[in-house]
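Novice: Structure provided below as structure tokens; questions to follow.
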Amino acid sequence: MSVIKVLQYPDPRLRKKGEIVASVDDEIRQIVKTMFDTHYAQENCAALAATQLDFATPKAITVIDYSAKKDSPLCLINPKIIASEGSQIEEEACMSVWPGHIHEKVERAYKVTVQALNEEGEEITFDAQGYFAKCLQHEIDHLHGKLFIDHLSPLKRNRVEKIIQKVRRAYLKKKR
Ligand code: ZN
């Protein structure tokens, strides 16, 4: 089992875009394995994108599993949203934005159609709605260097930045 470090905001690497995977080979499958190992090693983790992990060149890959028993892994390579409709405003949090401290309501499409490659390199297209759709939009944002707090109003964003500064300072002090 190999676990890789989850980057924390405001690490500038969170702004990197995931590199498109040209072919799904053993090297990619190894990365996917490391991502799932890391996912299952975290508490209360629903999904992870490669761009929030300490990879030198993160690929456009996300691993998702928000089942209670952690037995429904879904890996998406080069995922993209090809259609969306409706809206939902639900609370979000992120493993890279001080989990346990920051959760805010974000508006997302209620339903999305996603196209991606699976671990076998086959193209898949599927519809998702509600929580699953929210999760996919959050992860695909990550692969474009975007975080859920980027969706907040300037006022809310300001408030969140202040909380992060405080939490981060306490964390760094404890680490010293
Ligand atoms: Zn996230």
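Following the order of the structure tokens, first chain is A, next is B, and so on, with residues numbered from 1 inside each chain and ligands from 1 in the order they appear.
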Name the residues in contact with A:Leu53 at a cut-off of 10 Å, using only C-alpha atoms, excluding same-chain residues fewer than 3 positions from it; report them as a VMD selection string.

Specialist: chain A and resid 3 to 8 13 to 14 35 38 48 to 50 56 to 58 96

Novice: Put those residues in a file: all heavy atoms, as a CSV table (one decimal), in the first residue's frame.

Specialist:
chain,number,residue,atom,x,y,z
A,3,VAL,N,0.7,5.4,0.2
A,3,VAL,CA,-0.2,6.6,0.5
A,3,VAL,C,0.7,7.8,0.1
A,3,VAL,O,1.8,7.9,0.5
A,3,VAL,CB,-0.6,6.6,1.9
A,3,VAL,CG1,-1.3,7.9,2.3
A,3,VAL,CG2,-1.6,5.5,2.2
A,4,ILE,N,0.0,8.8,-0.6
A,4,ILE,CA,0.7,10.0,-1.0
A,4,ILE,C,0.1,11.2,-0.2
A,4,ILE,O,-1.1,11.1,0.2
A,4,ILE,CB,0.7,10.2,-2.5
A,4,ILE,CG1,1.6,11.2,-3.0
A,4,ILE,CG2,-0.8,10.4,-3.0
A,4,ILE,CD1,1.8,11.2,-4.5
A,5,LYS,N,0.9,12.2,0.0
A,5,LYS,CA,0.5,13.4,0.8
A,5,LYS,C,-0.7,14.1,0.1
A,5,LYS,O,-0.6,14.4,-1.1
A,5,LYS,CB,1.7,14.3,1.0
A,5,LYS,CG,1.4,15.3,2.0
A,5,LYS,CD,2.7,16.2,2.2
A,5,LYS,CE,2.2,17.6,2.5
A,5,LYS,NZ,3.2,18.7,2.1
A,6,VAL,N,-1.7,14.5,0.9
A,6,VAL,CA,-2.7,15.4,0.3
A,6,VAL,C,-2.3,16.8,0.5
A,6,VAL,O,-2.0,17.3,1.7
A,6,VAL,CB,-4.1,15.1,1.1
A,6,VAL,CG1,-5.2,16.0,0.5
A,6,VAL,CG2,-4.5,13.6,0.9
A,7,LEU,N,-2.3,17.6,-0.5
A,7,LEU,CA,-1.9,19.0,-0.4
A,7,LEU,C,-2.9,19.8,0.3
A,7,LEU,O,-4.1,19.6,0.2
A,7,LEU,CB,-1.7,19.6,-1.8
A,7,LEU,CG,-0.7,18.8,-2.7
A,7,LEU,CD1,-0.6,19.5,-4.1
A,7,LEU,CD2,0.7,18.8,-2.1
A,8,GLN,N,-2.5,20.9,1.0
A,8,GLN,CA,-3.4,21.7,1.7
A,8,GLN,C,-3.4,23.2,1.2
A,8,GLN,O,-2.3,23.7,1.0
A,8,GLN,CB,-3.1,21.8,3.2
A,8,GLN,CG,-3.6,20.6,4.0
A,8,GLN,CD,-5.1,20.3,3.9
A,8,GLN,OE1,-5.9,21.2,4.1
A,8,GLN,NE2,-5.4,19.1,3.7
A,13,ARG,N,0.3,24.3,-5.8
A,13,ARG,CA,0.2,23.2,-6.7
A,13,ARG,C,-1.3,22.8,-6.9
A,13,ARG,O,-1.6,22.1,-7.9
A,13,ARG,CB,1.0,22.0,-6.1
A,13,ARG,CG,2.5,22.2,-6.3
A,13,ARG,CD,3.3,21.1,-5.6
A,13,ARG,NE,3.1,21.2,-4.1
A,13,ARG,CZ,3.6,20.3,-3.3
A,13,ARG,NH1,4.3,19.2,-3.7
A,13,ARG,NH2,3.5,20.4,-2.0
A,14,LEU,N,-2.1,23.2,-6.0
A,14,LEU,CA,-3.6,22.9,-6.1
A,14,LEU,C,-4.2,23.6,-7.4
A,14,LEU,O,-5.3,23.3,-7.8
A,14,LEU,CB,-4.4,23.3,-4.9
A,14,LEU,CG,-4.1,22.5,-3.6
A,14,LEU,CD1,-4.7,23.2,-2.4
A,14,LEU,CD2,-4.8,21.1,-3.8
A,35,MET,N,-3.8,6.3,-5.6
A,35,MET,CA,-4.8,7.3,-5.2
A,35,MET,C,-5.9,6.6,-4.4
A,35,MET,O,-6.4,7.2,-3.4
A,35,MET,CB,-5.4,7.9,-6.5
A,35,MET,CG,-4.5,8.8,-7.2
A,35,MET,SD,-5.1,9.5,-8.8
A,35,MET,CE,-6.5,10.5,-8.2
A,38,THR,N,-4.6,6.1,-0.9
A,38,THR,CA,-4.6,7.4,-0.2
A,38,THR,C,-6.0,7.8,0.3
A,38,THR,O,-6.3,8.2,1.4
A,38,THR,CB,-4.0,8.5,-1.1
A,38,THR,OG1,-2.7,8.1,-1.5
A,38,THR,CG2,-3.9,9.8,-0.3
A,48,LEU,N,-11.0,11.9,-4.4
A,48,LEU,CA,-9.7,12.6,-4.5
A,48,LEU,C,-9.4,12.8,-6.0
A,48,LEU,O,-9.7,11.9,-6.8
A,48,LEU,CB,-8.6,11.9,-3.9
A,48,LEU,CG,-8.5,11.8,-2.3
A,48,LEU,CD1,-7.3,10.9,-1.9
A,48,LEU,CD2,-8.3,13.2,-1.8
A,49,ALA,N,-8.8,14.0,-6.3
A,49,ALA,CA,-8.3,14.2,-7.7
A,49,ALA,C,-6.8,14.2,-7.6
A,49,ALA,O,-6.2,14.6,-6.6
A,49,ALA,CB,-8.8,15.6,-8.1
A,50,ALA,N,-6.2,13.8,-8.7
A,50,ALA,CA,-4.7,13.7,-8.7
A,50,ALA,C,-4.0,15.0,-8.4
A,50,ALA,O,-3.0,15.1,-7.8
A,50,ALA,CB,-4.2,13.2,-10.0
A,56,ALA,N,4.5,14.8,-8.9
A,56,ALA,CA,5.3,15.8,-9.7
A,56,ALA,C,4.4,16.4,-10.9
A,56,ALA,O,4.4,17.6,-11.1
A,56,ALA,CB,6.6,15.2,-10.1
A,57,THR,N,3.9,15.4,-11.6
A,57,THR,CA,3.0,15.8,-12.7
A,57,THR,C,1.7,15.1,-12.6
A,57,THR,O,1.5,14.0,-13.0
A,57,THR,CB,3.7,15.3,-14.1
A,57,THR,OG1,5.0,15.8,-14.1
A,57,THR,CG2,2.9,15.9,-15.3
A,58,PRO,N,0.7,15.8,-11.9
A,58,PRO,CA,-0.6,15.1,-11.7
A,58,PRO,C,-1.3,14.9,-13.0
A,58,PRO,O,-1.3,15.7,-13.9
A,58,PRO,CB,-1.3,16.1,-10.8
A,58,PRO,CG,-0.7,17.4,-11.0
A,58,PRO,CD,0.8,17.1,-11.4
A,96,SER,N,-8.4,19.0,0.8
A,96,SER,CA,-7.3,20.0,0.6
A,96,SER,C,-7.6,21.4,1.2
A,96,SER,O,-6.8,22.3,1.0
A,96,SER,CB,-7.0,20.1,-0.9
A,96,SER,OG,-6.4,18.9,-1.3

Novice: Could you report the residues within 10 Å of ligand 1, using only C-alpha atoms and all ligand atoms, as a short mmCIF file (atom, residue, chain, number, x, y, z; two decimals) with C-alpha atoms, in the first residue's frame?

Specialist:
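Result file is selection-v1.cif:
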data_model
loop_
_atom_site.label_atom_id
_atom_site.label_comp_id
_atom_site.auth_asym_id
_atom_site.auth_seq_id
_atom_site.Cartn_x
_atom_site.Cartn_y
_atom_site.Cartn_z
CA LEU A 14 -3.58 22.91 -6.14
CA CYS A 45 -13.11 11.14 2.25
CA ALA A 46 -15.58 10.94 -0.65
CA ALA A 47 -13.18 11.42 -3.54
CA LEU A 48 -9.73 12.64 -4.53
CA ALA A 49 -8.33 14.24 -7.66
CA THR A 51 -4.09 17.47 -8.64
CA GLN A 52 -4.64 17.60 -4.87
CA GLU A 92 -19.23 21.07 0.44
CA ALA A 93 -15.89 20.43 2.06
CA CYS A 94 -12.55 19.33 0.66
CA MET A 95 -9.64 17.18 1.83
CA SER A 96 -7.34 19.99 0.61
CA VAL A 97 -9.19 22.88 2.26
CA PRO A 99 -11.31 19.42 6.34
CA CYS A 135 -19.09 15.21 -6.22
CA GLN A 137 -18.30 18.66 -10.44
CA HIS A 138 -16.08 19.21 -7.37
CA GLU A 139 -13.51 16.67 -8.61
CA ILE A 140 -13.50 17.83 -12.23
CA ASP A 141 -13.00 21.39 -10.93
CA HIS A 142 -9.88 20.11 -9.09
CA LEU A 143 -8.51 18.75 -12.37
CA LYS A 146 -10.29 25.06 -9.23
CA LEU A 147 -11.45 24.70 -5.61
CA PHE A 148 -14.96 24.80 -4.13
CA ILE A 149 -14.16 28.00 -2.24
#

Novice: Ranking A:Asn158, A:Val24, A:Asp71, A:Gln165 by minimum distance to A:Ala116 and counting only C-alpha atoms, which one comes first?

Specialist: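 For A:Ala116, the nearest of the given residues is A:Val24.
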
Novice: Neighbours of stretch 105-110 of chain A within 9 Å (only C-alpha atoms; same-chain residues fewer than 2 positions away dropped), as a VMD selection string?

Specialist: chain A and resid 84 to 93 103 112 128 to 131 133 to 134 137 to 138 148 to 149 151 to 152

Novice: So the first atom is atom CA of A:Ala60 and the second is atom CA of A:Asn78; what is the distance between them in Å, to one decimal place?

Specialist: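 Atom-to-atom, atom CA of A:Ala60 to atom CA of A:Asn78, that is 5.0 Å.
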
Novice: Mind checking DSSP for stretch 7-148 of chain A and telling me the alpha helix (DSSP H) residues as a compact mmCIF listing (two decimals) with C-alpha atoms, in the first residue's frame?

Specialist:
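Saved as result_3.txt:
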# COMPACT_ATOMS: atom_id res chain seq x y z
CA ASP A 26 0.29 -0.14 -16.02
CA GLU A 27 1.93 3.10 -14.91
CA ILE A 28 -1.47 4.80 -14.87
CA ARG A 29 -3.04 1.85 -13.05
CA GLN A 30 -0.28 2.12 -10.44
CA ILE A 31 -1.14 5.82 -9.95
CA VAL A 32 -4.82 4.87 -9.60
CA LYS A 33 -3.90 2.30 -6.94
CA THR A 34 -1.89 4.88 -4.99
CA MET A 35 -4.84 7.27 -5.23
CA PHE A 36 -7.30 4.69 -3.86
CA ASP A 37 -4.85 3.71 -1.08
CA THR A 38 -4.62 7.40 -0.16
CA HIS A 39 -8.40 7.86 -0.40
CA TYR A 40 -9.12 4.93 1.94
CA ALA A 41 -6.43 6.09 4.39
CA GLY A 130 -27.78 14.95 -6.67
CA TYR A 131 -24.82 14.13 -4.41
CA PHE A 132 -23.01 12.13 -7.10
CA ALA A 133 -23.31 15.03 -9.58
CA LYS A 134 -22.04 17.48 -6.96
CA CYS A 135 -19.09 15.21 -6.22
CA LEU A 136 -18.18 14.89 -9.91
CA GLN A 137 -18.30 18.66 -10.44
CA HIS A 138 -16.08 19.21 -7.37
CA GLU A 139 -13.51 16.67 -8.61
CA ILE A 140 -13.50 17.83 -12.23
CA ASP A 141 -13.00 21.39 -10.93
CA HIS A 142 -9.88 20.11 -9.09

Novice: List every residue of stretch 25-109 of chain A that DSSP, applied to the backbone of this structure, places in strand (DSSP E or B), and write the result as a ChimeraX atom specification.

Specialist: /A:47-49,53,59,61-64,74-85,88-92,104-108

Novice: With distances taken over only C-alpha atoms, which of A:Val63, A:Gln42, A:Ile102, A:Leu117 is nearest to A:Lys166?

Specialist: A:Ile102

Novice: Enter the distance from atom CA of A:Ala22 to atom CA of A:Lys111, in Å, rounded to one decimal.

Specialist: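 Computing the Euclidean distance for atom CA of A:Ala22 and atom CA of A:Lys111 yields 27.9 Å.
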
Novice: Could you jot down the atom CA of A:Val21 to atom CA of A:Ile61 separation for me, Å, one decimal place?

Specialist: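 Straight-line distance from atom CA of A:Val21 to atom CA of A:Ile61 works out to 8.2 Å.
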